Every structure is written in C-alpha cells, then in structure tokens.
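Contents: one structure, followed by commentary.
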Amino acid sequence: MVAMKSGALTLVFSLVLIVLFVGTLLMPVATATIEAFSVTFEPKYVDMGDPDLFPEIVTATIRFKSNEDYRVLEVNTSTVLLEGTVPAIPDSNSTGTKPPEYLCDFDGSGVRNVMWVKIYHNGMPPNPQGNYVVDLTITGKLYDGTPFTGTGHIQVKPKKFSGSPPPPPPP
C-alpha cells in the first residue's frame, strides 16, 4: 500500500511538472519595447484660448532609427494611443521607409482634453516665454506584438483667464 501511494504521488508530481513546463512554453515571450528616434506633431503650436481655433486633426510622425529594421509597415493602428487614452483615427495612417516612419492622425478635441489636463489640472508650469511645452507620449504595437513608444511635444499658448482655471471642454 505504501508503494502504491508513492507511485500515485510520483504520477501527480510528474503531471504537475509537465503542465508547468508546457505552460511556460505557451507563454508569450516578452519583447523589448522599441523606442522611437523622434516624434513630431502637426501643428507644432496651438492656442488654447479659443476652442474654435484648435485643429480638428493632430498628425503625429513617429520616426524610427534607420539602421535597424523596425518593421514600421507592420504597426497595428488599432493599438496606437496618445497618452494611453486617445486612439489613432482608423485608416488615417501611412508609412515611409527612408527614414522608417509611421504617420497617424488623432482627434483634435481628444488631444486638447489631454493637454488641458496636463496644464490646468496637473499644474504644469509655463516656460519663461509664458507658453507651455506639453510632452505627449504615443504607444502601440506591431502586428507581431512588439510594443513601441515615443514622446514628442506641442507648444501651447495658454488661455487667458482670471481666477481658477476653466472647466475642461465638453467631449
């Protein structure tokens, strides 16, 4: 009877080890995040004083290092986010190969809301000229699951107001 119990235990432990080993093989391999060489936005300068003057579309150009193959033609646009909240507009993307770059558009009101939060809610200090330089990070993934990230900035002329900051614009 003791031999039977040890045989059953051996079988159970063997099965547990096999399940752990197979599970390890099935887990996705962690890949290093690709860092963009540069990110630029168009427009480069916006005025927060008049919501009607804020652009409807903000275009981002993400450039990757040209000496490495980052497969930028394989960016999954549905995963591209500005500051983790504003998605790229579907079918607004294009790619170039020299240097490797990816262009996409974001909804202007979503970008404005993010900048409003950074400036007025988080209390970002202005630069010596009285303007703000708002850093905006874009993240996303290639179709093979490799993540990428890059940060650029937009200069902002602040809205002139007295008293406390205005409420955020309506969505």
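Labels for the structure tokens follow display order: chains A, B, ..., residues from 1 in each chain, ligands from 1.
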
If you run DSSP on the backbone, which residues of segment 36-141 of chain A are strand (DSSP E), as a PyMOL selection string? chain A and resi 38-42+45-47+57-63+75-82+86-87+94-97+100-107+132-141

Write the selection just made, keeping N, CA and C atoms, as a CSV table (one decimal), in the first residue's frame?
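What ended up in part36.csv:
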```csv
chain,number,residue,atom,x,y,z
A,38,SER,N,12.3,59.8,-32.9
A,38,SER,CA,11.7,61.1,-32.7
A,38,SER,C,10.2,61.1,-33.0
A,39,VAL,N,9.5,62.0,-32.3
A,39,VAL,CA,8.0,62.1,-32.6
A,39,VAL,C,7.8,63.6,-32.8
A,40,THR,N,7.1,64.0,-33.9
A,40,THR,CA,6.8,65.3,-34.1
A,40,THR,C,5.3,65.4,-34.3
A,41,PHE,N,4.7,66.6,-34.0
A,41,PHE,CA,3.3,66.8,-34.2
A,41,PHE,C,3.0,67.9,-35.1
A,42,GLU,N,1.9,67.9,-35.8
A,42,GLU,CA,1.5,69.0,-36.7
A,42,GLU,C,0.1,69.3,-36.3
A,45,TYR,N,2.3,74.1,-32.7
A,45,TYR,CA,2.0,75.2,-31.8
A,45,TYR,C,0.5,75.4,-31.9
A,46,VAL,N,-0.2,75.4,-30.7
A,46,VAL,CA,-1.6,75.6,-30.6
A,46,VAL,C,-2.0,76.7,-29.6
A,47,ASP,N,-3.2,77.3,-29.8
A,47,ASP,CA,-3.7,78.3,-28.9
A,47,ASP,C,-4.9,77.7,-28.1
A,57,ILE,N,-7.8,67.9,-36.4
A,57,ILE,CA,-6.9,66.7,-36.5
A,57,ILE,C,-5.5,67.1,-36.1
A,58,VAL,N,-4.9,66.3,-35.3
A,58,VAL,CA,-3.5,66.5,-34.9
A,58,VAL,C,-2.7,65.3,-35.5
A,59,THR,N,-1.7,65.5,-36.4
A,59,THR,CA,-1.0,64.5,-37.0
A,59,THR,C,0.3,64.2,-36.3
A,60,ALA,N,0.6,63.0,-36.0
A,60,ALA,CA,1.9,62.6,-35.4
A,60,ALA,C,2.7,61.8,-36.4
A,61,THR,N,4.0,62.2,-36.4
A,61,THR,CA,5.0,61.5,-37.3
A,61,THR,C,6.0,60.8,-36.3
A,62,ILE,N,6.0,59.5,-36.3
A,62,ILE,CA,7.0,58.7,-35.5
A,62,ILE,C,8.1,58.2,-36.3
A,63,ARG,N,9.3,58.7,-36.1
A,63,ARG,CA,10.5,58.2,-36.8
A,63,ARG,C,11.3,57.2,-36.0
A,75,VAL,N,2.8,48.3,-38.2
A,75,VAL,CA,2.2,48.9,-37.0
A,75,VAL,C,0.7,48.6,-37.0
A,76,ASN,N,0.2,48.1,-35.9
A,76,ASN,CA,-1.2,47.8,-35.8
A,76,ASN,C,-1.9,49.1,-35.3
A,77,THR,N,-2.5,49.8,-36.2
A,77,THR,CA,-3.1,51.1,-35.9
A,77,THR,C,-4.1,51.0,-34.8
A,78,SER,N,-4.8,49.9,-34.6
A,78,SER,CA,-5.8,49.8,-33.6
A,78,SER,C,-5.2,49.8,-32.2
A,79,THR,N,-3.9,49.7,-32.0
A,79,THR,CA,-3.3,49.7,-30.7
A,79,THR,C,-2.6,51.0,-30.4
A,80,VAL,N,-2.6,51.9,-31.4
A,80,VAL,CA,-1.9,53.2,-31.2
A,80,VAL,C,-2.7,54.1,-30.3
A,81,LEU,N,-2.1,54.6,-29.2
A,81,LEU,CA,-2.8,55.5,-28.3
A,81,LEU,C,-1.9,56.7,-28.0
A,82,LEU,N,-2.5,57.9,-27.8
A,82,LEU,CA,-1.8,59.1,-27.4
A,82,LEU,C,-2.1,59.2,-25.9
A,86,VAL,N,-6.2,58.5,-26.0
A,86,VAL,CA,-6.7,58.9,-27.3
A,86,VAL,C,-6.3,58.0,-28.4
A,87,PRO,N,-7.2,57.3,-29.0
A,87,PRO,CA,-6.8,56.3,-30.1
A,87,PRO,C,-6.5,57.1,-31.4
A,94,SER,N,-0.1,56.2,-42.4
A,94,SER,CA,0.7,55.9,-43.6
A,94,SER,C,2.1,55.7,-43.1
A,95,THR,N,2.9,55.1,-44.0
A,95,THR,CA,4.3,54.7,-43.6
A,95,THR,C,5.2,55.2,-44.6
A,96,GLY,N,6.5,55.4,-44.2
A,96,GLY,CA,7.6,55.7,-45.1
A,96,GLY,C,8.8,54.8,-44.7
A,97,THR,N,9.7,54.7,-45.6
A,97,THR,CA,10.8,53.8,-45.3
A,97,THR,C,12.1,54.5,-45.2
A,100,PRO,N,12.7,55.2,-41.6
A,100,PRO,CA,11.4,54.5,-41.3
A,100,PRO,C,10.5,55.3,-40.4
A,101,GLU,N,9.3,55.5,-40.9
A,101,GLU,CA,8.4,56.4,-40.1
A,101,GLU,C,7.0,55.9,-40.2
A,102,TYR,N,6.2,56.3,-39.3
A,102,TYR,CA,4.8,56.0,-39.2
A,102,TYR,C,4.0,57.3,-38.9
A,103,LEU,N,3.0,57.6,-39.7
A,103,LEU,CA,2.2,58.8,-39.5
A,103,LEU,C,0.8,58.4,-39.2
A,104,CYS,N,0.2,59.1,-38.2
A,104,CYS,CA,-1.2,58.8,-37.9
A,104,CYS,C,-1.9,60.1,-37.4
A,105,ASP,N,-3.2,60.1,-37.5
A,105,ASP,CA,-4.0,61.3,-37.0
A,105,ASP,C,-4.7,61.0,-35.7
A,106,PHE,N,-4.8,62.0,-34.9
A,106,PHE,CA,-5.6,61.9,-33.7
A,106,PHE,C,-6.7,63.0,-33.7
A,107,ASP,N,-7.8,62.7,-33.0
A,107,ASP,CA,-8.9,63.7,-32.9
A,107,ASP,C,-8.4,64.9,-32.1
A,132,TYR,N,3.5,76.9,-22.7
A,132,TYR,CA,3.7,75.6,-22.2
A,132,TYR,C,4.3,74.7,-23.3
A,133,VAL,N,5.1,73.8,-22.9
A,133,VAL,CA,5.6,72.7,-23.8
A,133,VAL,C,5.1,71.4,-23.3
A,134,VAL,N,4.0,70.9,-23.9
A,134,VAL,CA,3.4,69.7,-23.4
A,134,VAL,C,3.9,68.5,-24.1
A,135,ASP,N,4.6,67.6,-23.3
A,135,ASP,CA,5.1,66.3,-23.8
A,135,ASP,C,3.9,65.4,-24.0
A,136,LEU,N,3.8,64.7,-25.1
A,136,LEU,CA,2.8,63.7,-25.4
A,136,LEU,C,3.4,62.4,-25.8
A,137,THR,N,3.0,61.3,-25.2
A,137,THR,CA,3.6,60.0,-25.5
A,137,THR,C,2.7,59.2,-26.3
A,138,ILE,N,3.2,58.5,-27.3
A,138,ILE,CA,2.4,57.6,-28.1
A,138,ILE,C,2.9,56.2,-27.9
A,139,THR,N,2.0,55.3,-27.7
A,139,THR,CA,2.4,53.9,-27.6
A,139,THR,C,1.6,53.1,-28.6
A,140,GLY,N,2.0,51.9,-28.8
A,140,GLY,CA,1.3,51.0,-29.7
A,140,GLY,C,2.1,49.7,-29.9
A,141,LYS,N,1.6,48.8,-30.8
A,141,LYS,CA,2.2,47.5,-31.0
A,141,LYS,C,2.3,47.3,-32.5
```

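Here atom CA of Gly110 of chain A is placed at a distance of 9.4 Å from atom CA of Glu56 of chain A.
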
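When only C-alpha atoms are used to measure the gap to Phe37 of chain A, the shortest distance among A:Phe64, A:Ser14, A:Ile119, A:Lys98 belongs to A:Phe64.
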
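Using only C-alpha atoms, the residues found no farther than 7 Å from Met48 of chain A, other than those of its own chain fewer than 2 positions away, are Val46, Asp50, Pro51, Val156, Lys157, Pro158 and Lys159 of chain A.
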
Restricted to C-alpha atoms, what would the selected residues look like written as a PDB file, in the first residue's frame?
```
ATOM      1  CA  VAL A  46      -1.635  75.618 -30.640  1.00  0.00           C
ATOM      2  CA  ASP A  50     -10.171  79.749 -28.499  1.00  0.00           C
ATOM      3  CA  PRO A  51     -11.547  76.204 -28.886  1.00  0.00           C
ATOM      4  CA  VAL A 156       0.710  75.748 -26.203  1.00  0.00           C
ATOM      5  CA  LYS A 157      -0.300  79.348 -25.796  1.00  0.00           C
ATOM      6  CA  PRO A 158      -2.374  79.327 -22.607  1.00  0.00           C
ATOM      7  CA  LYS A 159      -5.896  80.588 -22.336  1.00  0.00           C
TER       8      LYS A 159
END
```

What does the distance from atom CA of Ile34 of chain A to atom CA of Met115 of chain A come to in Å, to one decimal?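 According to the coordinates, atom CA of Ile34 of chain A and atom CA of Met115 of chain A are separated by 24.8 Å.
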
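Our summary of the geometry notes that atom CA of Tyr143 of chain A is positioned 27.9 Å from atom CA of Ser109 of chain A.
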